[in-house]
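Containing compact mmCIF, C-alpha atoms and all ligand atoms: work_16.txt.
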# COMPACT_ATOMS: atom_id res chain seq x y z
CA MET H 397 -175.84 -94.49 2.50
CA THR H 398 -172.22 -93.64 3.15
CA ARG H 399 -169.91 -95.95 1.24
CA ILE H 400 -167.23 -97.34 3.57
CA SER H 401 -164.02 -97.77 1.59
CA ILE H 402 -160.73 -99.26 2.66
CA ILE H 403 -157.66 -97.94 0.88
CA VAL H 404 -154.39 -99.85 1.19
CA ALA H 405 -151.14 -100.67 -0.56
CA ALA H 406 -150.03 -104.26 0.03
CA SER H 407 -147.34 -106.51 -1.38
CA GLU H 408 -147.90 -109.98 -2.82
CA ASP H 409 -147.60 -111.38 0.72
CA GLN H 410 -150.03 -108.81 2.19
CA ALA H 411 -147.25 -106.74 3.79
CA ILE H 412 -148.13 -103.11 4.50
CA GLY H 413 -145.53 -101.89 6.99
CA LYS H 414 -142.55 -102.44 9.23
CA ASN H 415 -141.29 -100.62 12.35
CA GLY H 416 -144.18 -98.17 12.15
CA ASP H 417 -143.44 -97.09 8.59
CA LEU H 418 -144.19 -98.07 5.02
CA LEU H 419 -142.03 -100.59 3.15
CA TRP H 420 -141.60 -98.54 -0.02
CA ARG H 421 -141.81 -95.09 -1.52
CA MET H 422 -144.16 -95.20 -4.48
CA PRO H 423 -145.06 -91.66 -5.62
CA ALA H 424 -147.64 -92.99 -8.09
CA ASP H 425 -149.48 -94.67 -5.24
CA MET H 426 -149.29 -91.57 -3.06
CA LYS H 427 -150.83 -89.56 -5.90
CA HIS H 428 -153.57 -92.19 -6.33
CA PHE H 429 -154.26 -92.04 -2.57
CA LYS H 430 -154.43 -88.26 -2.63
CA THR H 431 -156.76 -88.19 -5.64
CA LEU H 432 -159.19 -90.65 -4.07
CA THR H 433 -159.23 -89.30 -0.52
CA THR H 434 -159.05 -85.50 -0.95
CA GLY H 435 -162.28 -83.86 0.14
CA HIS H 436 -163.35 -86.88 2.18
CA THR H 437 -163.02 -88.09 5.75
CA ILE H 438 -160.14 -90.47 6.46
CA ILE H 439 -160.10 -92.77 9.49
CA MET H 440 -156.83 -94.14 10.85
CA GLY H 441 -155.32 -95.87 13.87
CA ARG H 442 -153.15 -93.91 16.25
CA LYS H 443 -149.97 -95.68 15.05
CA THR H 444 -150.67 -94.73 11.44
CA PHE H 445 -151.23 -91.14 12.53
CA ASP H 446 -147.86 -91.28 14.33
CA SER H 447 -146.24 -92.38 11.05
CA LEU H 448 -147.41 -89.32 9.10
CA PRO H 449 -144.36 -87.05 8.65
CA LYS H 450 -146.36 -83.81 8.71
CA GLY H 451 -149.29 -84.87 10.86
CA ALA H 452 -152.90 -84.58 9.67
CA LEU H 453 -153.32 -84.85 5.90
CA PRO H 454 -154.56 -81.59 4.32
CA ASN H 455 -157.94 -81.06 2.65
CA ARG H 456 -159.44 -84.08 4.40
CA THR H 457 -161.23 -84.54 7.72
CA ASN H 458 -158.79 -86.67 9.75
CA ILE H 459 -160.20 -89.03 12.39
CA VAL H 460 -157.73 -90.85 14.66
CA LEU H 461 -158.75 -93.92 16.67
CA THR H 462 -157.22 -94.38 20.11
CA ARG H 463 -158.27 -96.00 23.37
CA ASN H 464 -156.46 -93.27 25.29
CA PRO H 465 -159.20 -90.91 26.51
CA GLU H 466 -156.68 -88.11 27.09
CA ALA H 467 -155.16 -88.15 23.60
CA THR H 468 -155.36 -85.21 21.24
CA PHE H 469 -153.85 -84.86 17.77
CA ALA H 470 -153.43 -81.56 15.94
CA ASN H 471 -156.15 -80.90 13.34
CA CYS H 472 -157.79 -84.29 13.99
CA ILE H 473 -161.00 -85.59 15.46
CA VAL H 474 -160.35 -88.31 18.05
CA CYS H 475 -162.68 -91.31 18.37
CA SER H 476 -162.55 -94.22 20.79
CA ASN H 477 -163.92 -96.88 18.44
CA LEU H 478 -164.54 -97.47 14.75
CA GLN H 479 -168.33 -97.23 14.93
CA GLN H 480 -168.12 -93.82 16.60
CA ALA H 481 -165.87 -92.68 13.77
CA LEU H 482 -168.27 -93.98 11.13
CA ASP H 483 -171.23 -92.36 12.89
CA HIS H 484 -169.37 -89.09 12.58
CA CYS H 485 -169.45 -89.47 8.78
CA ALA H 486 -173.22 -89.96 8.47
CA GLY H 487 -174.50 -88.15 5.39
CA GLU H 488 -171.17 -88.22 3.55
CA ASP H 489 -170.97 -90.05 0.22
CA GLU H 490 -167.75 -92.00 0.90
CA VAL H 491 -165.42 -92.41 3.88
CA PHE H 492 -161.93 -93.90 3.69
CA ILE H 493 -160.34 -96.26 6.19
CA ILE H 494 -156.60 -95.70 5.68
CA GLY H 495 -155.07 -98.22 8.12
CA GLY H 496 -153.05 -99.61 9.71
CA SER H 497 -153.38 -103.33 10.11
CA GLN H 498 -155.35 -103.24 13.40
CA ILE H 499 -157.92 -100.89 11.90
CA TYR H 500 -158.10 -102.80 8.60
CA GLU H 501 -158.82 -106.03 10.54
CA GLN H 502 -161.76 -104.37 12.27
CA ALA H 503 -163.03 -102.61 9.15
CA MET H 504 -163.05 -105.58 6.76
CA LYS H 505 -166.46 -106.78 7.88
CA LEU H 506 -167.97 -103.28 7.61
CA ALA H 507 -166.44 -102.12 4.32
CA ASP H 508 -168.28 -101.88 1.01
CA ARG H 509 -165.21 -101.33 -1.17
CA ILE H 510 -161.44 -101.91 -1.09
CA TYR H 511 -159.04 -99.82 -3.15
CA LEU H 512 -155.97 -102.03 -3.19
CA THR H 513 -152.64 -101.08 -4.66
CA ARG H 514 -150.95 -104.44 -5.19
CA VAL H 515 -147.18 -103.98 -5.16
CA ASP H 516 -145.25 -106.67 -7.05
CA ALA H 517 -142.78 -107.58 -4.30
CA SER H 518 -142.75 -109.60 -1.09
CA PHE H 519 -141.56 -108.64 2.37
CA PRO H 520 -141.23 -111.66 4.67
CA ASP H 521 -139.98 -109.54 7.58
CA ALA H 522 -142.85 -107.03 7.54
CA ASP H 523 -144.61 -106.63 10.88
CA ALA H 524 -147.93 -105.23 9.60
CA ARG H 525 -150.09 -107.06 7.06
CA PHE H 526 -153.45 -106.64 5.37
CA PRO H 527 -156.10 -109.36 5.88
CA MET H 528 -156.76 -111.82 3.05
CA ILE H 529 -159.40 -110.62 0.58
CA GLU H 530 -161.74 -113.60 0.38
CA PRO H 531 -162.92 -114.28 -3.20
CA THR H 532 -166.24 -115.50 -1.83
CA GLU H 533 -166.89 -112.04 -0.36
CA TRP H 534 -165.30 -109.63 -2.86
CA GLN H 535 -165.28 -109.15 -6.62
CA VAL H 536 -162.85 -107.11 -8.71
CA THR H 537 -164.71 -104.25 -10.38
CA ASP H 538 -161.77 -102.27 -11.74
CA GLU H 539 -158.09 -102.95 -12.39
CA ALA H 540 -155.17 -101.11 -13.98
CA SER H 541 -151.52 -102.25 -14.08
CA PHE H 542 -148.34 -100.25 -14.36
CA PRO H 543 -144.66 -101.22 -14.69
CA ALA H 544 -141.89 -100.08 -12.39
CA ASP H 545 -140.22 -96.89 -13.54
CA GLU H 546 -137.48 -94.55 -12.39
CA LYS H 547 -139.65 -93.16 -9.57
CA ASN H 548 -141.63 -96.27 -8.60
CA PRO H 549 -139.36 -99.20 -7.72
CA TYR H 550 -141.96 -101.98 -8.18
CA ALA H 551 -144.65 -102.77 -10.72
CA TYR H 552 -148.09 -102.09 -9.25
CA HIS H 553 -151.80 -102.62 -9.85
CA PHE H 554 -154.69 -100.41 -8.79
CA ILE H 555 -157.49 -102.88 -8.03
CA THR H 556 -160.99 -102.03 -6.84
CA TYR H 557 -162.97 -104.71 -5.00
CA ASP H 558 -166.66 -104.37 -4.22
CA ARG H 559 -168.42 -106.55 -1.70
CA LEU H 560 -170.50 -109.27 -3.30
CA SER H 561 -174.13 -108.68 -2.44
N1 LIG H 601 -149.38 -99.83 3.15
C1 LIG H 601 -150.44 -99.15 3.57
O1 LIG H 601 -151.38 -98.89 2.81
C2 LIG H 601 -150.49 -98.70 5.01
C3 LIG H 601 -151.54 -97.87 5.43
C4 LIG H 601 -151.57 -97.47 6.78
C5 LIG H 601 -150.60 -97.89 7.66
N2 LIG H 601 -149.62 -98.71 7.22
C6 LIG H 601 -148.58 -99.23 8.13
O2 LIG H 601 -149.25 -100.00 9.14
C7 LIG H 601 -148.46 -99.93 10.34
C8 LIG H 601 -149.37 -99.46 11.48
O3 LIG H 601 -150.39 -100.44 11.68
P1 LIG H 601 -150.71 -100.98 13.17
O4 LIG H 601 -151.68 -102.10 13.02
O5 LIG H 601 -149.44 -101.21 13.89
O6 LIG H 601 -151.40 -99.72 13.87
P2 LIG H 601 -152.74 -98.87 13.55
O7 LIG H 601 -153.84 -99.79 13.13
O8 LIG H 601 -152.40 -97.73 12.65
O9 LIG H 601 -153.04 -98.22 14.98
C9 LIG H 601 -153.26 -99.05 16.09
C10 LIG H 601 -153.75 -98.20 17.22
O10 LIG H 601 -155.08 -97.75 16.92
C11 LIG H 601 -155.83 -97.68 18.13
N3 LIG H 601 -156.96 -98.61 18.00
C12 LIG H 601 -156.99 -99.84 17.42
N4 LIG H 601 -158.23 -100.35 17.48
C13 LIG H 601 -159.00 -99.44 18.11
C14 LIG H 601 -160.36 -99.39 18.47
N5 LIG H 601 -161.22 -100.40 18.19
N6 LIG H 601 -160.83 -98.31 19.13
C15 LIG H 601 -159.99 -97.27 19.41
N7 LIG H 601 -158.68 -97.25 19.10
C16 LIG H 601 -158.19 -98.33 18.44
C17 LIG H 601 -154.88 -98.03 19.26
O11 LIG H 601 -154.30 -96.81 19.64
P3 LIG H 601 -153.79 -96.53 21.16
O12 LIG H 601 -152.63 -97.46 21.36
O13 LIG H 601 -153.43 -95.08 21.14
O14 LIG H 601 -154.97 -96.82 22.05
C18 LIG H 601 -153.86 -98.91 18.55
O15 LIG H 601 -152.61 -98.97 19.21
C19 LIG H 601 -147.32 -98.97 10.07
O16 LIG H 601 -146.16 -99.73 9.67
C20 LIG H 601 -147.83 -98.15 8.90
O17 LIG H 601 -146.78 -97.60 8.12
C21 LIG H 601 -149.54 -99.11 5.91
Let me see the structure of the file written as structure tokens.
Ligand SMILES: NC(=O)c1ccc[n+]([C@@H]2O[C@H](COP(=O)([O-])OP(=O)(O)OC[C@H]3O[C@@H](n4cnc5c(N)ncnc54)[C@H](OP(=O)(O)O)[C@@H]3O)[C@@H](O)[C@H]2O)c1
Amino acid sequence: MTRISIIVAASEDQAIGKNGDLLWRMPADMKHFKTLTTGHTIIMGRKTFDSLPKGALPNRTNIVLTRNPEATFANCIVCSNLQQALDHCAGEDEVFIIGGSQIYEQAMKLADRIYLTRVDASFPDADARFPMIEPTEWQVTDEASFPADEKNPYAYHFITYDRLS
């Protein structure tokens, strides 16, 4: 079975973005994201694709979800719904849903695992948020915490949640 994993960085108040961009620059989290996703398929919404400064992420199969049947994106596979994208990954060991908030909302009920980077800050004026992680549905299976440093402006926690069976 292909493990369906969500990967996200969210603040204490579930904020993930504003005005089509991220709310922070956290190189440690970008490295963590790269380490986990390289060599795998990543699935994203069209707006998240639009936010990528250099387009498709290298060394990964990029799938972009859009309802526009005419759309094409360089070096990406285009799918018109989440299930079609997941079907495309049949036989793979793990596939990563990388956002944004619309896609996370739809993926929460399908996902087996969430890799959450919890950023110790809050952003009341964010316009994109991650859904609540219900403790009745998810258990923490791994956690590591790190302080802010000269490159990473906020303390952060890498937390893995697995769906309770
Ligand atoms: N902190 C993080 O970890 C993180 C990660 C990713 C993104 N973000 C942030 O999240 C924000 C973007 O999130 P968002 O919710 O606005 O947009 P999004 O989820 O990235 O993309 C939404 C778009 O995806 C397409 N779509 C949605 N559901 C679909 C479906 N069922 N079938 C086919 N296509 C579908 C539509 O594209 P069309 O309009 O083309 O039809 C829709 O407009 C940005 O601020 C970004 O920086 C943060």
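Remark: residues at most 12 Å from position (-142.0, -110.1, -5.4) in file coordinates are Ala406, Ser407, Glu408, Asp409, Gln410, Ala411, Arg514, Val515, Asp516, Ala517, Ser518, Phe519, Pro520, Pro549, Tyr550, Ala551 and Tyr552 of chain H, using all atoms listed in the file.
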Discussion item. Can you pull out every residue with an atom within 9 Å of ligand LIG 601 (chain H)? Use all atoms listed in the file and format it as a PyMOL selection string.
Written reply: chain H and resi 403-407+411-420+440-448+460-465+467+475-480+493-502+512-513+522-526
Worksheet entry | Residues within 8 Å of Ile473 (chain H), all atoms listed in the file, excluding chain neighbours under 5 positions, as a PyMOL selection string | chain H and resi 457-460
Tell me, as a short mmCIF file (atom, residue, chain, number, x, y, z; two decimals) with C-alpha atoms, keeping the file's coordinate frame, which residues lie within 10 Å of Tyr557 (chain H), counting all atoms listed in the file; anything in the same chain fewer than 3 positions away does not count.
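Okay, this is what ended up in selection_20.cif:
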data_model
loop_
_atom_site.label_atom_id
_atom_site.label_comp_id
_atom_site.auth_asym_id
_atom_site.auth_seq_id
_atom_site.Cartn_x
_atom_site.Cartn_y
_atom_site.Cartn_z
CA SER H 401 -164.02 -97.77 1.59
CA ILE H 402 -160.73 -99.26 2.66
CA ASP H 508 -168.28 -101.88 1.01
CA ARG H 509 -165.21 -101.33 -1.17
CA ILE H 510 -161.44 -101.91 -1.09
CA TYR H 511 -159.04 -99.82 -3.15
CA LEU H 512 -155.97 -102.03 -3.19
CA ILE H 529 -159.40 -110.62 0.58
CA PRO H 531 -162.92 -114.28 -3.20
CA GLU H 533 -166.89 -112.04 -0.36
CA TRP H 534 -165.30 -109.63 -2.86
CA GLN H 535 -165.28 -109.15 -6.62
CA VAL H 536 -162.85 -107.11 -8.71
CA THR H 537 -164.71 -104.25 -10.38
CA ASP H 538 -161.77 -102.27 -11.74
CA GLU H 539 -158.09 -102.95 -12.39
CA LEU H 560 -170.50 -109.27 -3.30
#
Discussion item. Just checking: using only C-alpha atoms, which residue out of H:Cys472, H:His428, H:Pro449, H:Asp489 ends up closest to Ala540 (chain H)?
Written reply: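 Under the stated criterion, the closest residue is H:His428.
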Worksheet item: Can you tell me, as number ranges by chain, what residues are no more than 10 Å from region 435-437 of chain H when counting all atoms listed in the file, ignoring any on the same chain fewer than 3 positions away?
Response: H: 430-432, 454-459, 481-482, 484-485, 488-494
Response to the item:
Correct to one decimal, the distance CA of Phe542 (chain H)-CA of Asp425 (chain H) is 10.8 Å
Practice prompt. Give me, please, the distance in Å between CA of Thr434 (chain H) and CA of Lys505 (chain H), quoted to one decimal.
Written response: 24.2 Å
Discussion item. Which residue is closest to Ala503 (chain H)? Choose from H:Arg559, H:Thr433, H:Ile400, H:Ala452 and count all atoms listed in the file.
Written reply: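 Looking only at the distances to Ala503 (chain H), the closest residue turns out to be H:Ile400.
Atom to atom, CA of Lys547 (chain H) and CA of Pro423 (chain H) stand 6.9 Å apart.
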